[in-house]
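Shown here: start38.txt, compact mmCIF, N, CA and C atoms.
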# COMPACT_ATOMS: atom_id res chain seq x y z
N MET G 1265 18.21 86.36 68.48
CA MET G 1265 18.56 86.09 67.10
C MET G 1265 18.45 84.57 66.88
N GLU G 1266 17.66 84.20 65.94
CA GLU G 1266 17.44 82.79 65.62
C GLU G 1266 18.51 82.29 64.67
N GLN G 1267 18.98 81.07 64.92
CA GLN G 1267 19.99 80.47 64.06
C GLN G 1267 19.64 79.01 63.85
N GLU G 1268 19.90 78.53 62.66
CA GLU G 1268 19.61 77.15 62.32
C GLU G 1268 20.92 76.38 62.19
N TYR G 1269 20.93 75.17 62.74
CA TYR G 1269 22.11 74.30 62.65
C TYR G 1269 21.71 73.05 61.90
N LYS G 1270 22.58 72.61 61.02
CA LYS G 1270 22.32 71.40 60.25
C LYS G 1270 23.42 70.39 60.53
N LEU G 1271 23.00 69.20 60.89
CA LEU G 1271 23.93 68.10 61.07
C LEU G 1271 23.83 67.24 59.82
N LYS G 1272 24.96 67.01 59.18
CA LYS G 1272 24.98 66.37 57.87
C LYS G 1272 24.42 64.95 57.86
N GLY G 1273 24.66 64.21 58.90
CA GLY G 1273 24.17 62.84 58.93
C GLY G 1273 24.54 62.16 60.22
N PRO G 1274 24.21 60.88 60.37
CA PRO G 1274 24.53 60.14 61.58
C PRO G 1274 26.02 60.24 61.92
N GLY G 1275 26.30 60.46 63.20
CA GLY G 1275 27.68 60.59 63.66
C GLY G 1275 28.17 62.02 63.72
N GLU G 1276 27.45 62.94 63.12
CA GLU G 1276 27.83 64.36 63.12
C GLU G 1276 27.52 64.98 64.48
N LYS G 1277 28.38 65.87 64.96
CA LYS G 1277 28.14 66.58 66.20
C LYS G 1277 28.64 68.02 66.08
N GLN G 1278 28.01 68.92 66.84
CA GLN G 1278 28.39 70.33 66.78
C GLN G 1278 28.06 70.98 68.12
N GLU G 1279 29.03 71.68 68.70
CA GLU G 1279 28.81 72.42 69.94
C GLU G 1279 28.28 73.80 69.59
N VAL G 1280 27.17 74.20 70.24
CA VAL G 1280 26.52 75.47 69.90
C VAL G 1280 26.11 76.20 71.18
N GLU G 1281 25.96 77.50 71.07
CA GLU G 1281 25.42 78.32 72.15
C GLU G 1281 23.92 78.40 71.98
N VAL G 1282 23.21 78.39 73.11
CA VAL G 1282 21.75 78.48 73.07
C VAL G 1282 21.35 79.81 73.68
N GLU G 1283 20.60 80.59 72.91
CA GLU G 1283 20.16 81.89 73.40
C GLU G 1283 19.30 81.71 74.64
N GLY G 1284 19.54 82.54 75.66
CA GLY G 1284 18.80 82.46 76.90
C GLY G 1284 19.48 81.61 77.95
N LEU G 1285 20.49 80.85 77.56
CA LEU G 1285 21.27 80.05 78.51
C LEU G 1285 22.68 80.61 78.54
N ASP G 1286 23.30 80.54 79.68
CA ASP G 1286 24.70 80.94 79.77
C ASP G 1286 25.57 79.70 79.63
N ALA G 1287 25.24 78.88 78.65
CA ALA G 1287 25.96 77.62 78.46
C ALA G 1287 25.86 77.19 77.00
N LYS G 1288 26.68 76.21 76.67
CA LYS G 1288 26.64 75.61 75.34
C LYS G 1288 26.03 74.22 75.47
N VAL G 1289 25.56 73.69 74.35
CA VAL G 1289 25.10 72.31 74.28
C VAL G 1289 25.79 71.64 73.11
N LEU G 1290 25.82 70.34 73.13
CA LEU G 1290 26.38 69.57 72.03
C LEU G 1290 25.22 68.91 71.30
N LEU G 1291 25.05 69.29 70.03
CA LEU G 1291 24.03 68.66 69.20
C LEU G 1291 24.66 67.44 68.55
N LEU G 1292 23.96 66.31 68.57
CA LEU G 1292 24.47 65.12 67.91
C LEU G 1292 23.40 64.45 67.09
N ASN G 1293 23.84 63.88 66.00
CA ASN G 1293 22.96 63.05 65.19
C ASN G 1293 23.34 61.61 65.52
N ALA G 1294 22.61 61.04 66.47
CA ALA G 1294 22.89 59.69 66.96
C ALA G 1294 21.99 58.70 66.24
N ALA G 1295 22.55 58.04 65.24
CA ALA G 1295 21.82 57.03 64.47
C ALA G 1295 20.54 57.59 63.87
N GLY G 1296 20.59 58.85 63.41
CA GLY G 1296 19.44 59.45 62.75
C GLY G 1296 18.54 60.25 63.67
N THR G 1297 18.79 60.24 64.98
CA THR G 1297 18.00 61.00 65.94
C THR G 1297 18.86 62.14 66.47
N VAL G 1298 18.36 63.38 66.34
CA VAL G 1298 19.11 64.54 66.82
C VAL G 1298 18.85 64.69 68.32
N GLN G 1299 19.93 64.85 69.08
CA GLN G 1299 19.86 65.01 70.53
C GLN G 1299 20.71 66.20 70.95
N ALA G 1300 20.39 66.78 72.10
CA ALA G 1300 21.20 67.85 72.69
C ALA G 1300 21.65 67.36 74.05
N VAL G 1301 22.96 67.43 74.30
CA VAL G 1301 23.52 66.99 75.58
C VAL G 1301 24.50 68.05 76.07
N GLY G 1302 24.92 67.93 77.31
CA GLY G 1302 25.94 68.82 77.84
C GLY G 1302 27.23 68.61 77.07
N PRO G 1303 28.02 69.67 76.86
CA PRO G 1303 29.22 69.56 76.03
C PRO G 1303 30.46 68.99 76.72
N ARG G 1304 30.38 68.73 78.02
CA ARG G 1304 31.55 68.27 78.78
C ARG G 1304 31.26 66.94 79.47
N CYS G 1305 32.27 66.12 79.58
CA CYS G 1305 32.18 64.87 80.33
C CYS G 1305 31.91 65.19 81.79
N THR G 1306 30.98 64.49 82.41
CA THR G 1306 30.65 64.76 83.81
C THR G 1306 31.74 64.27 84.77
N HIS G 1307 32.63 63.40 84.31
CA HIS G 1307 33.70 62.89 85.17
C HIS G 1307 34.93 63.80 85.17
N TYR G 1308 35.42 64.15 83.97
CA TYR G 1308 36.69 64.87 83.86
C TYR G 1308 36.59 66.23 83.18
N GLY G 1309 35.41 66.58 82.69
CA GLY G 1309 35.25 67.86 82.01
C GLY G 1309 35.79 67.88 80.59
N ALA G 1310 36.05 66.71 80.02
CA ALA G 1310 36.58 66.63 78.65
C ALA G 1310 35.57 67.18 77.64
N PRO G 1311 36.05 67.80 76.57
CA PRO G 1311 35.15 68.30 75.52
C PRO G 1311 34.59 67.14 74.71
N LEU G 1312 33.29 66.87 74.87
CA LEU G 1312 32.69 65.73 74.19
C LEU G 1312 32.58 65.90 72.68
N ALA G 1313 32.75 67.14 72.19
CA ALA G 1313 32.78 67.36 70.74
C ALA G 1313 33.96 66.62 70.11
N LYS G 1314 34.98 66.31 70.92
CA LYS G 1314 36.15 65.58 70.43
C LYS G 1314 36.00 64.07 70.66
N GLY G 1315 34.89 63.66 71.26
CA GLY G 1315 34.65 62.25 71.50
C GLY G 1315 34.19 61.53 70.24
N VAL G 1316 34.02 60.23 70.37
CA VAL G 1316 33.58 59.40 69.24
C VAL G 1316 32.11 59.05 69.44
N LEU G 1317 31.30 59.32 68.41
CA LEU G 1317 29.89 58.96 68.42
C LEU G 1317 29.74 57.70 67.61
N GLY G 1318 29.44 56.59 68.29
CA GLY G 1318 29.34 55.30 67.63
C GLY G 1318 28.07 55.15 66.81
N THR G 1319 28.05 54.14 65.97
CA THR G 1319 26.87 53.87 65.14
C THR G 1319 25.67 53.47 66.00
N ASN G 1320 25.93 53.05 67.24
CA ASN G 1320 24.85 52.70 68.16
C ASN G 1320 24.29 53.93 68.88
N GLY G 1321 24.84 55.12 68.61
CA GLY G 1321 24.35 56.36 69.20
C GLY G 1321 25.00 56.70 70.52
N LYS G 1322 25.98 55.92 70.97
CA LYS G 1322 26.67 56.21 72.23
C LYS G 1322 27.90 57.08 71.99
N LEU G 1323 28.02 58.10 72.84
CA LEU G 1323 29.14 59.04 72.75
C LEU G 1323 30.21 58.62 73.75
N THR G 1324 31.45 58.49 73.28
CA THR G 1324 32.56 58.07 74.13
C THR G 1324 33.46 59.25 74.45
N CYS G 1325 33.79 59.41 75.72
CA CYS G 1325 34.67 60.48 76.18
C CYS G 1325 36.04 60.35 75.54
N PRO G 1326 36.61 61.45 75.03
CA PRO G 1326 37.92 61.37 74.40
C PRO G 1326 39.07 61.19 75.39
N TRP G 1327 38.83 61.45 76.68
CA TRP G 1327 39.92 61.37 77.66
C TRP G 1327 39.98 60.02 78.36
N HIS G 1328 38.82 59.46 78.75
CA HIS G 1328 38.88 58.22 79.53
C HIS G 1328 38.05 57.08 78.97
N GLY G 1329 37.39 57.30 77.85
CA GLY G 1329 36.65 56.23 77.17
C GLY G 1329 35.30 55.89 77.78
N GLY G 1330 34.83 56.71 78.75
CA GLY G 1330 33.53 56.47 79.35
C GLY G 1330 32.42 56.75 78.34
N LYS G 1331 31.29 56.07 78.52
CA LYS G 1331 30.13 56.26 77.63
C LYS G 1331 28.94 56.76 78.39
Entire entry expressed as structure tokens:
Amino acid sequence: MEQEYKLKGPGEKQEVEVEGLDAKVLLLNAAGTVQAVGPRCTHYGAPLAKGVLGTNGKLTCPWHGGK
């Protein structure tokens, strides 16, 4: 089943499931460029959807501030 996701503008992020994968990805609009990344911090497993996406396109972990 095909689904379309729309990110409203820079700084917007949304965690989504991808058909064919047993995992979710985090879609982000980083300074006008849409990217897909893993949804969890590699250090502590924090949900990156709750992190801060800066105007420079860097995503900051909500638990420990890593980028």
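Using only N, CA and C atoms, the shortest contact distance between Arg1304 (chain G) and any of G:Val1289, G:Glu1276, G:Gln1267, G:Gly1284 is found at G:Val1289.
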Residues near Thr1319 (chain G), cut-off 8 Å, only N, CA and C atoms, skip fewer than 2 positions along chain, as a list in words: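 Result of the neighbour search: Pro1274, Gly1275, Ala1294, Ala1295, Gly1296, Val1316, Leu1317, Gly1321, Lys1322 and Leu1323 of chain G.
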Deliver the residues from the most recent selection as a file, using N, CA and C atoms, as a PDB file, in the coordinates of the input.
ATOM      1  N   PRO G1274      24.210  60.880  60.370  1.00  0.00           N
ATOM      2  CA  PRO G1274      24.530  60.140  61.580  1.00  0.00           C
ATOM      3  C   PRO G1274      26.020  60.240  61.920  1.00  0.00           C
ATOM      4  N   GLY G1275      26.300  60.460  63.200  1.00  0.00           N
ATOM      5  CA  GLY G1275      27.680  60.590  63.660  1.00  0.00           C
ATOM      6  C   GLY G1275      28.170  62.020  63.720  1.00  0.00           C
ATOM      7  N   ALA G1294      22.610  61.040  66.470  1.00  0.00           N
ATOM      8  CA  ALA G1294      22.890  59.690  66.960  1.00  0.00           C
ATOM      9  C   ALA G1294      21.990  58.700  66.240  1.00  0.00           C
ATOM     10  N   ALA G1295      22.550  58.040  65.240  1.00  0.00           N
ATOM     11  CA  ALA G1295      21.820  57.030  64.470  1.00  0.00           C
ATOM     12  C   ALA G1295      20.540  57.590  63.870  1.00  0.00           C
ATOM     13  N   GLY G1296      20.590  58.850  63.410  1.00  0.00           N
ATOM     14  CA  GLY G1296      19.440  59.450  62.750  1.00  0.00           C
ATOM     15  C   GLY G1296      18.540  60.250  63.670  1.00  0.00           C
ATOM     16  N   VAL G1316      34.020  60.230  70.370  1.00  0.00           N
ATOM     17  CA  VAL G1316      33.580  59.400  69.240  1.00  0.00           C
ATOM     18  C   VAL G1316      32.110  59.050  69.440  1.00  0.00           C
ATOM     19  N   LEU G1317      31.300  59.320  68.410  1.00  0.00           N
ATOM     20  CA  LEU G1317      29.890  58.960  68.420  1.00  0.00           C
ATOM     21  C   LEU G1317      29.740  57.700  67.610  1.00  0.00           C
ATOM     22  N   GLY G1321      24.840  55.120  68.610  1.00  0.00           N
ATOM     23  CA  GLY G1321      24.350  56.360  69.200  1.00  0.00           C
ATOM     24  C   GLY G1321      25.000  56.700  70.520  1.00  0.00           C
ATOM     25  N   LYS G1322      25.980  55.920  70.970  1.00  0.00           N
ATOM     26  CA  LYS G1322      26.670  56.210  72.230  1.00  0.00           C
ATOM     27  C   LYS G1322      27.900  57.080  71.990  1.00  0.00           C
ATOM     28  N   LEU G1323      28.020  58.100  72.840  1.00  0.00           N
ATOM     29  CA  LEU G1323      29.140  59.040  72.750  1.00  0.00           C
ATOM     30  C   LEU G1323      30.210  58.620  73.750  1.00  0.00           C
TER      31      LEU G1323
END
CA of Trp1327 (chain G) to CA of Val1280 (chain G), distance in Å rounded to a single decimal: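 It comes out at 20.9 Å.
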Strand (DSSP E) call set, DSSP backbone run, chain G, as JSON, numbers by chain: {"G": [1277, 1278, 1279, 1280, 1281, 1288, 1289, 1290, 1291, 1292, 1293, 1294, 1297, 1298, 1299, 1300, 1301, 1316, 1317, 1323, 1324]}
Of the listed residues G:Lys1272, G:Gly1318, G:Ala1313, G:Glu1266, that which approaches Ala1300 (chain G) most closely, counting only C-alpha atoms: G:Ala1313
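Atom pair atom N of Thr1297 (chain G) / CA of Ala1310 (chain G): separated by 23.3 Å.
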Selection near Leu1290 (chain G), 6 Å with all atoms listed in the file, sequence-local residues under 4 positions removed, as a PDB file with N, CA and C atoms, keeping the file's coordinate frame:
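What ended up in part29.pdb:
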ATOM      1  N   GLN G1278      28.010  68.920  66.840  1.00  0.00           N
ATOM      2  CA  GLN G1278      28.390  70.330  66.780  1.00  0.00           C
ATOM      3  C   GLN G1278      28.060  70.980  68.120  1.00  0.00           C
ATOM      4  N   GLU G1279      29.030  71.680  68.700  1.00  0.00           N
ATOM      5  CA  GLU G1279      28.810  72.420  69.940  1.00  0.00           C
ATOM      6  C   GLU G1279      28.280  73.800  69.590  1.00  0.00           C
ATOM      7  N   VAL G1280      27.170  74.200  70.240  1.00  0.00           N
ATOM      8  CA  VAL G1280      26.520  75.470  69.900  1.00  0.00           C
ATOM      9  C   VAL G1280      26.110  76.200  71.180  1.00  0.00           C
ATOM     10  N   GLN G1299      19.930  64.850  69.080  1.00  0.00           N
ATOM     11  CA  GLN G1299      19.860  65.010  70.530  1.00  0.00           C
ATOM     12  C   GLN G1299      20.710  66.200  70.950  1.00  0.00           C
ATOM     13  N   ALA G1300      20.390  66.780  72.100  1.00  0.00           N
ATOM     14  CA  ALA G1300      21.200  67.850  72.690  1.00  0.00           C
ATOM     15  C   ALA G1300      21.650  67.360  74.050  1.00  0.00           C
ATOM     16  N   VAL G1301      22.960  67.430  74.300  1.00  0.00           N
ATOM     17  CA  VAL G1301      23.520  66.990  75.580  1.00  0.00           C
ATOM     18  C   VAL G1301      24.500  68.050  76.070  1.00  0.00           C
ATOM     19  N   GLY G1302      24.920  67.930  77.310  1.00  0.00           N
ATOM     20  CA  GLY G1302      25.940  68.820  77.840  1.00  0.00           C
ATOM     21  C   GLY G1302      27.230  68.610  77.070  1.00  0.00           C
ATOM     22  N   PRO G1303      28.020  69.670  76.860  1.00  0.00           N
ATOM     23  CA  PRO G1303      29.220  69.560  76.030  1.00  0.00           C
ATOM     24  C   PRO G1303      30.460  68.990  76.720  1.00  0.00           C
TER      25      PRO G1303
END
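The spacing separating CA of Gly1315 (chain G) from CA of Lys1288 (chain G) amounts to 16.0 Å.
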Let me have the centre and edge lengths in Å, one decimal, of the box along x, y and z around every listed atom of region 1270-1289 of chain G with 5 Å of margin on each side, as lines of an AutoDock Vina configuration file.
center_x = 23.9
center_y = 71.3
center_z = 68.8
size_x = 20.2
size_y = 32.4
size_z = 31.9
Proximity to Cys1305 (chain G) - best of G:Asp1286, G:Leu1291, G:Asn1320, G:Pro1326, all atoms listed in the file: G:Pro1326
